[in-house]
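Note: the block below is model.txt and it holds compact mmCIF, C-alpha atoms.
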# COMPACT_ATOMS: atom_id res chain seq x y z
CA MET I 2 9.53 -8.83 32.75
CA LYS I 3 9.22 -5.19 31.72
CA LYS I 4 6.74 -4.39 28.97
CA ILE I 5 6.23 -1.38 26.71
CA ALA I 6 3.73 -0.76 23.89
CA PHE I 7 4.14 1.37 20.77
CA PHE I 8 1.13 2.35 18.65
CA VAL I 9 2.47 3.59 15.32
CA GLU I 10 1.03 5.04 12.15
CA GLY I 11 2.18 2.33 9.78
CA ARG I 12 4.53 -0.43 8.75
CA THR I 13 7.44 1.96 8.17
CA GLU I 14 7.42 3.11 11.79
CA CYS I 15 7.02 -0.47 12.99
CA ASN I 16 10.02 -1.77 11.05
CA PHE I 17 12.18 1.23 11.91
CA ILE I 18 11.63 0.70 15.64
CA ILE I 19 12.41 -3.00 15.32
CA LYS I 20 15.64 -2.30 13.43
CA LEU I 21 16.64 0.42 15.91
CA ILE I 22 16.16 -2.02 18.79
CA GLU I 23 18.15 -4.71 16.98
CA GLU I 24 21.06 -2.35 16.32
CA ALA I 25 21.20 -0.40 19.59
CA TYR I 26 20.21 -2.86 22.33
CA ASP I 27 20.78 -6.45 23.44
CA ARG I 28 18.29 -8.22 21.20
CA LYS I 29 18.68 -11.61 22.88
CA GLU I 30 17.09 -10.19 26.05
CA ILE I 31 14.15 -8.70 24.14
CA SER I 32 10.92 -10.22 22.85
CA ILE I 33 9.03 -8.28 20.18
CA THR I 34 5.43 -8.76 19.08
CA ALA I 35 4.02 -6.87 16.09
CA ASN I 36 0.26 -6.49 15.68
CA LYS I 37 -1.85 -4.96 12.94
CA ALA I 38 -5.03 -3.14 13.94
CA LYS I 39 -8.12 -2.41 11.92
CA GLY I 40 -11.68 -1.32 12.50
CA GLY I 41 -13.13 1.57 14.45
CA ASN I 42 -15.79 4.15 13.53
CA LYS I 43 -18.51 1.71 14.66
CA ALA I 44 -16.74 -1.27 13.06
CA GLU I 45 -15.34 -3.96 15.31
CA ILE I 46 -11.72 -3.30 16.29
CA THR I 47 -9.44 -6.30 15.75
CA PHE I 48 -5.75 -6.87 16.34
CA THR I 49 -3.92 -9.44 14.22
CA THR I 50 -0.49 -10.76 15.19
CA ILE I 51 2.02 -10.27 12.36
CA PHE I 52 4.84 -11.97 14.22
CA ALA I 53 5.80 -12.72 17.79
CA ASP I 54 9.12 -13.74 19.34
CA SER I 55 9.05 -16.63 21.75
CA ILE I 56 9.59 -15.85 25.42
CA LYS I 57 12.82 -17.44 26.64
CA THR I 58 14.38 -17.84 30.05
CA ASP I 59 16.75 -14.93 29.44
CA THR I 60 14.02 -12.60 28.09
CA LYS I 61 13.92 -9.48 30.26
CA PHE I 62 11.92 -7.08 28.09
CA HIS I 63 8.82 -7.34 25.93
CA VAL I 64 8.02 -4.78 23.23
CA LEU I 65 4.58 -4.67 21.62
CA ILE I 66 4.28 -2.65 18.39
CA VAL I 67 0.81 -2.04 16.97
CA ASN I 68 0.58 -0.94 13.33
CA CYS I 69 -2.50 1.28 13.30
CA THR I 70 -2.61 1.32 9.46
CA GLY I 71 -2.99 5.09 9.37
CA GLU I 72 -2.91 7.99 11.77
CA SER I 73 -6.63 8.63 12.25
CA ASN I 74 -7.35 5.71 14.61
CA LEU I 75 -4.16 5.89 16.67
CA ARG I 76 -5.86 7.30 19.78
CA THR I 77 -8.89 5.01 19.31
CA TYR I 78 -6.74 1.88 19.31
CA ILE I 79 -4.81 3.04 22.37
CA ASP I 80 -8.07 3.62 24.24
CA ASP I 81 -9.34 0.21 23.16
CA ARG I 82 -6.26 -1.67 24.38
CA ARG I 83 -5.51 0.34 27.54
CA GLU I 84 -7.38 -1.90 29.96
CA ASP I 85 -5.83 -5.10 28.56
CA LEU I 86 -2.34 -3.58 28.64
CA THR I 87 -2.88 -2.48 32.23
CA LYS I 88 -3.92 -5.97 33.27
CA SER I 89 -0.89 -7.40 31.45
CA GLY I 90 1.51 -5.21 33.41
CA PHE I 91 2.72 -2.86 30.69
CA PHE I 92 5.09 -0.09 31.77
CA LYS I 93 4.19 2.63 29.24
CA ILE I 94 2.28 3.34 26.02
CA ILE I 95 3.83 5.47 23.28
CA GLY I 96 1.92 6.68 20.23
CA ILE I 97 3.90 7.74 17.15
CA ARG I 98 2.50 9.54 14.10
CA ASP I 99 3.47 12.07 11.43
CA LEU I 100 2.45 15.69 11.26
CA TYR I 101 2.29 15.49 7.43
CA PRO I 102 0.02 15.50 5.44
CA ASN I 103 -2.99 16.51 7.52
CA PHE I 104 -1.35 19.15 9.73
CA GLN I 105 0.99 22.06 9.17
CA ARG I 106 4.08 22.72 11.25
CA ASN I 107 2.32 25.49 13.17
CA GLU I 108 -0.47 23.07 14.13
CA LEU I 109 1.77 20.75 16.14
CA HIS I 110 0.43 22.00 19.46
CA THR I 111 -3.17 21.63 18.29
CA LEU I 112 -2.59 18.03 17.21
CA MET I 113 -0.81 17.15 20.44
CA GLN I 114 -3.59 18.64 22.56
CA GLY I 115 -6.17 16.66 20.60
CA LEU I 116 -4.32 13.40 21.07
CA LYS I 117 -3.93 13.99 24.81
CA TYR I 118 -7.49 15.19 25.43
CA LYS I 119 -8.98 13.40 28.46
CA LEU I 120 -6.30 10.71 28.17
CA PRO I 121 -5.70 8.90 31.48
CA GLN I 122 -2.08 8.76 32.66
CA LYS I 123 -2.67 6.22 35.41
CA PRO I 124 -1.97 3.41 35.90
CA ILE I 125 -0.13 3.50 32.54
CA GLU I 126 1.61 6.64 31.36
CA THR I 127 0.98 7.49 27.69
CA GLU I 128 3.20 9.72 25.56
CA PHE I 129 2.77 10.87 21.97
CA ILE I 130 5.69 11.50 19.64
CA ILE I 131 4.91 13.47 16.48
CA ASN I 132 7.39 13.38 13.61
CA ILE I 133 8.06 16.73 11.90
CA MET I 134 7.03 16.38 9.16
CA GLU I 135 7.34 12.60 8.62
CA LEU I 136 9.31 9.64 9.94
CA GLU I 137 11.26 9.97 6.68
CA THR I 138 12.75 13.18 8.10
CA ASN I 139 15.05 10.83 10.03
CA PHE I 140 15.98 8.90 6.89
CA LEU I 141 16.67 12.09 4.94
CA SER I 142 18.85 13.41 7.77
CA GLU I 143 20.89 10.21 8.10
CA HIS I 144 23.31 11.19 5.34
CA ASN I 145 25.59 8.15 5.65
CA HIS I 146 22.98 5.88 4.12
CA PHE I 147 22.97 7.61 0.74
CA SER I 148 26.27 6.03 -0.27
CA VAL I 149 24.85 2.63 0.71
CA ILE I 150 21.96 3.16 -1.69
CA ASN I 151 24.48 4.13 -4.37
CA PRO I 152 28.19 5.04 -3.97
CA ASN I 153 27.69 8.00 -6.32
CA LEU I 154 24.93 9.51 -4.20
CA THR I 155 26.84 12.09 -2.12
CA THR I 156 25.59 15.02 -0.10
CA ALA I 157 27.53 17.29 -2.46
CA LEU I 158 25.55 15.90 -5.40
CA ILE I 159 22.30 16.40 -3.50
CA SER I 160 23.23 19.96 -2.54
CA ASP I 161 24.26 20.87 -6.09
CA HIS I 162 21.07 19.56 -7.70
CA LEU I 163 18.39 19.96 -5.03
CA GLY I 164 19.60 22.96 -3.04
CA PHE I 165 19.78 21.40 0.43
CA ASN I 166 22.37 19.36 2.30
CA PRO I 167 21.05 16.51 4.49
CA GLU I 168 24.33 16.41 6.43
CA THR I 169 24.30 20.04 7.58
CA ASP I 170 20.80 21.45 7.07
CA ASP I 171 17.76 20.90 9.28
CA MET I 172 15.55 18.46 7.39
CA GLN I 173 12.63 19.19 9.73
CA VAL I 174 12.00 22.36 7.74
CA ARG I 175 11.38 20.32 4.57
CA PRO I 176 7.62 20.12 3.88
CA ALA I 177 7.61 16.62 2.32
CA PRO I 178 10.65 14.51 3.34
CA SER I 179 9.45 11.39 1.50
CA LEU I 180 9.40 13.32 -1.76
CA ASP I 181 12.82 14.78 -0.96
CA LEU I 182 14.13 11.28 -0.34
CA HIS I 183 12.77 10.14 -3.69
CA ASN I 184 14.32 13.16 -5.43
CA CYS I 185 17.68 12.40 -3.82
CA TYR I 186 17.59 8.77 -4.93
CA SER I 187 16.48 9.82 -8.41
CA LEU I 188 19.81 11.56 -8.93
CA VAL I 189 21.33 8.09 -9.32
CA ASN I 190 18.31 6.45 -10.99
CA GLU I 191 16.94 5.00 -7.77
CA SER I 192 13.62 5.74 -6.11
CA TYR I 193 11.84 5.94 -2.78
CA SER I 194 8.21 5.01 -2.21
CA LYS I 195 5.99 3.43 0.44
CA GLU I 196 6.35 0.01 -1.16
CA ASP I 197 7.49 -2.51 1.46
CA ALA I 198 10.68 -3.59 -0.30
CA VAL I 199 11.74 -0.01 -1.01
CA VAL I 200 11.15 1.13 2.56
CA ASP I 201 12.94 -1.91 3.96
CA ARG I 202 15.96 -1.22 1.76
CA THR I 203 16.25 2.27 3.24
CA ILE I 204 15.72 1.10 6.81
CA SER I 205 18.43 -1.54 6.34
CA SER I 206 20.82 1.02 4.85
CA LEU I 207 20.67 3.50 7.74
CA ASP I 208 23.67 4.09 10.01
CA TYR I 209 22.19 3.36 13.42
CA SER I 210 25.30 4.40 15.27
CA ASN I 211 24.96 7.84 13.71
CA ILE I 212 21.26 7.87 14.55
CA TYR I 213 21.82 6.88 18.18
CA TYR I 214 24.80 9.09 18.99
CA ASN I 215 24.48 12.09 16.67
CA LEU I 216 21.23 12.48 14.78
CA ARG I 217 19.05 12.39 17.87
CA THR I 218 20.66 15.64 19.07
CA ARG I 219 19.28 17.39 15.96
CA ILE I 220 15.78 15.88 15.84
CA GLN I 221 13.72 16.12 19.02
CA PRO I 222 11.05 13.48 18.16
CA LEU I 223 13.81 10.97 17.37
CA ASP I 224 15.53 11.82 20.63
CA ARG I 225 12.27 11.22 22.55
CA LEU I 226 11.92 7.79 20.91
CA ILE I 227 15.49 6.80 21.79
CA GLN I 228 15.24 8.26 25.29
CA ASN I 229 12.13 6.19 25.94
CA LEU I 230 13.92 3.06 24.74
CA ASP I 231 16.95 3.90 26.88
CA ASP I 232 14.77 4.42 29.95
CA PHE I 233 12.93 1.16 29.30
CA PHE I 234 15.92 -1.08 28.63
CA HIS I 235 18.28 0.46 31.16
Mind turning this structure into structure tokens?
Amino acid sequence: MKKIAFFVEGRTECNFIIKLIEEAYDRKEISITANKAKGGNKAEITFTTIFADSIKTDTKFHVLIVNCTGESNLRTYIDDRREDLTKSGFFKIIGIRDLYPNFQRNELHTLMQGLKYKLPQKPIETEFIINIMELETNFLSEHNHFSVINPNLTTALISDHLGFNPETDDMQVRPAPSLDLHNCYSLVNESYSKEDAVVDRTISSLDYSNIYYNLRTRIQPLDRLIQNLDDFFH
């Protein structure tokens, strides 16, 4: 059985990856385990299982997703689990975090170098994917989902009132995509926030065919995520 581990900034990233896997790959061959990490900075590091699929006879792939409950301990948790993951036969470790709010666009290289500093690449390769500026950049760019949120929420309406078009403009240049997403939804008396139900509504509304075949060509971090999944499953 092939195994891959994702260490992500928060619940939004965790649920987005799960939904992407469900929509783009053969879910019946895949087992997913989601953990929540806490501790560090001299406190004991613990990993709690949020849910875990059962391993069946036709399971070919196992995906572990660790919610690091924030970006600051991402590297610490990877270091802590590396030996166990190696012993368990994992294929690769991928860390995913946002650039916003603690880093500016021109500090991407600095952040990446810090994450990779003295990081072993054997026996398990580790890659970091940094969203510019947030994971919500992908949501903002996936223009088909707006009409699912509300049929009256069109890209023309967004362009007329907010001055940008998610369908044609590069949303990676937006400094705060989550706020942009909220402002878009507000045009039809809806909202976006980090509340679980609100985030899940957006994740469920996304057009994953558009994400897989089109959007990835415009957003490099998204393409790296999908390419890693492609390489793993295929």
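Counting only C-alpha atoms, the residue from I:Tyr78, I:Phe8, I:Phe234, I:Phe165 that sits nearest to Gly40 of chain I is I:Tyr78.
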Point to revise | Interatomic distance (Å, one decimal) between atom CA of Arg82 of chain I and atom CA of Thr13 of chain I | key: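 About the pair atom CA of Arg82 of chain I and atom CA of Thr13 of chain I: they are 21.5 Å apart.
A straight line drawn from atom CA of Gln122 of chain I to atom CA of Asp81 of chain I is 14.7 Å long.
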Review point. Between I:Lys29, I:Lys119, I:His146, I:Arg225, which has the minimum distance to Arg202 of chain I (counting all atoms listed in the file)?
Key: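 Among the listed residues, I:His146 lies closest to Arg202 of chain I.
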Review point. Rounded to one decimal in Å, what is the spacing between atom CA of Thr77 of chain I and atom CA of Ile95 of chain I?
Key: 13.3 Å
Review point. When distances are computed from only C-alpha atoms, which of I:Val9, I:Ile97, I:Leu180, I:Leu141 shows the smallest separation from Ser206 of chain I?
Key: I:Leu141
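Of the listed residues (I:Leu136, I:Ile66, I:Leu207, I:Ile212), I:Leu136 comes nearest to Lys195 of chain I; the distances count only C-alpha atoms.
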Review point. Which residue gives the smallest distance to Tyr209 of chain I among I:Glu135, I:Asp181, I:Glu143, I:Glu10, with only C-alpha atoms counted?
Key: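 Among I:Glu135, I:Asp181, I:Glu143, I:Glu10, it is I:Glu143 that comes nearest to Tyr209 of chain I.
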Exercise for review: Can you work out which one of I:Gln105, I:Asn215, I:Ser89, I:Thr58 has the shortest atom-to-atom distance to Pro176 of chain I, counting all atoms listed in the file?
Suggested key: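 Between I:Gln105, I:Asn215, I:Ser89, I:Thr58, the residue approaching Pro176 of chain I most closely is I:Gln105.
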Exercise for review: Counting all atoms listed in the file, note down every residue that has an atom within 7 Å of the point (13.3, 0.3, 8.3) (file coordinates), as number ranges by chain.
Suggested key: I: 13, 16-17, 20, 200-201, 203-205
Exercise for review: Write out as an MDAnalysis selection string which residues come within 10 Å of Glu24 of chain I when counting only C-alpha atoms, dropping same-chain ones fewer than 2 positions away.
Suggested key: chainID I and resid 18:22 26:28 208:210 213
Exercise for review: Would you list the contacts of Asn229 of chain I as a ChimeraX atom specification, taking every protein, DNA or RNA residue within 10 Å and counting only C-alpha atoms, but skipping same-chain residues closer than 6 positions in sequence?
Suggested key: /I:5,93,95,128,223,235
Review point. Could you name the residues that touch Cys185 of chain I at 12 Å or less, counting all atoms listed in the file, but leaving out those on the same chain fewer than 4 positions away, as number ranges by chain?
Key: I: 140-142, 144, 146-148, 150-151, 153-167, 178-181, 189-193
Check your understanding: If we count only C-alpha atoms, what is near Gly115 of chain I at a cut-off of 12 Å, once residues fewer than 4 positions away on the same chain are taken out, given as an MDAnalysis selection string?
Key -> chainID I and resid 73 75:76 108:111 119:120 129
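Surrounding residues of (4.5, -6.6, 25.3) at most 8 Å away are Lys4, Ile5, Ala6, Ser32, Ile33, Thr34, Phe62, His63, Val64, Leu65, Ile66 and Phe91 of chain I (based on only C-alpha atoms).
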Exercise for review: Would you list the contacts of Thr50 of chain I as a ChimeraX atom specification, taking every protein, DNA or RNA residue within 8 Å and counting only C-alpha atoms, but skipping same-chain residues closer than 4 positions in sequence?
Suggested key: /I:34-37
Box centre and edge lengths (Å, one decimal), axis-aligned, segment 158-170 of chain I plus 5 Å each side, as AutoDock Vina command-line options:
--center_x 22.0 --center_y 19.4 --center_z -0.1 --size_x 17.2 --size_y 17.1 --size_z 25.3
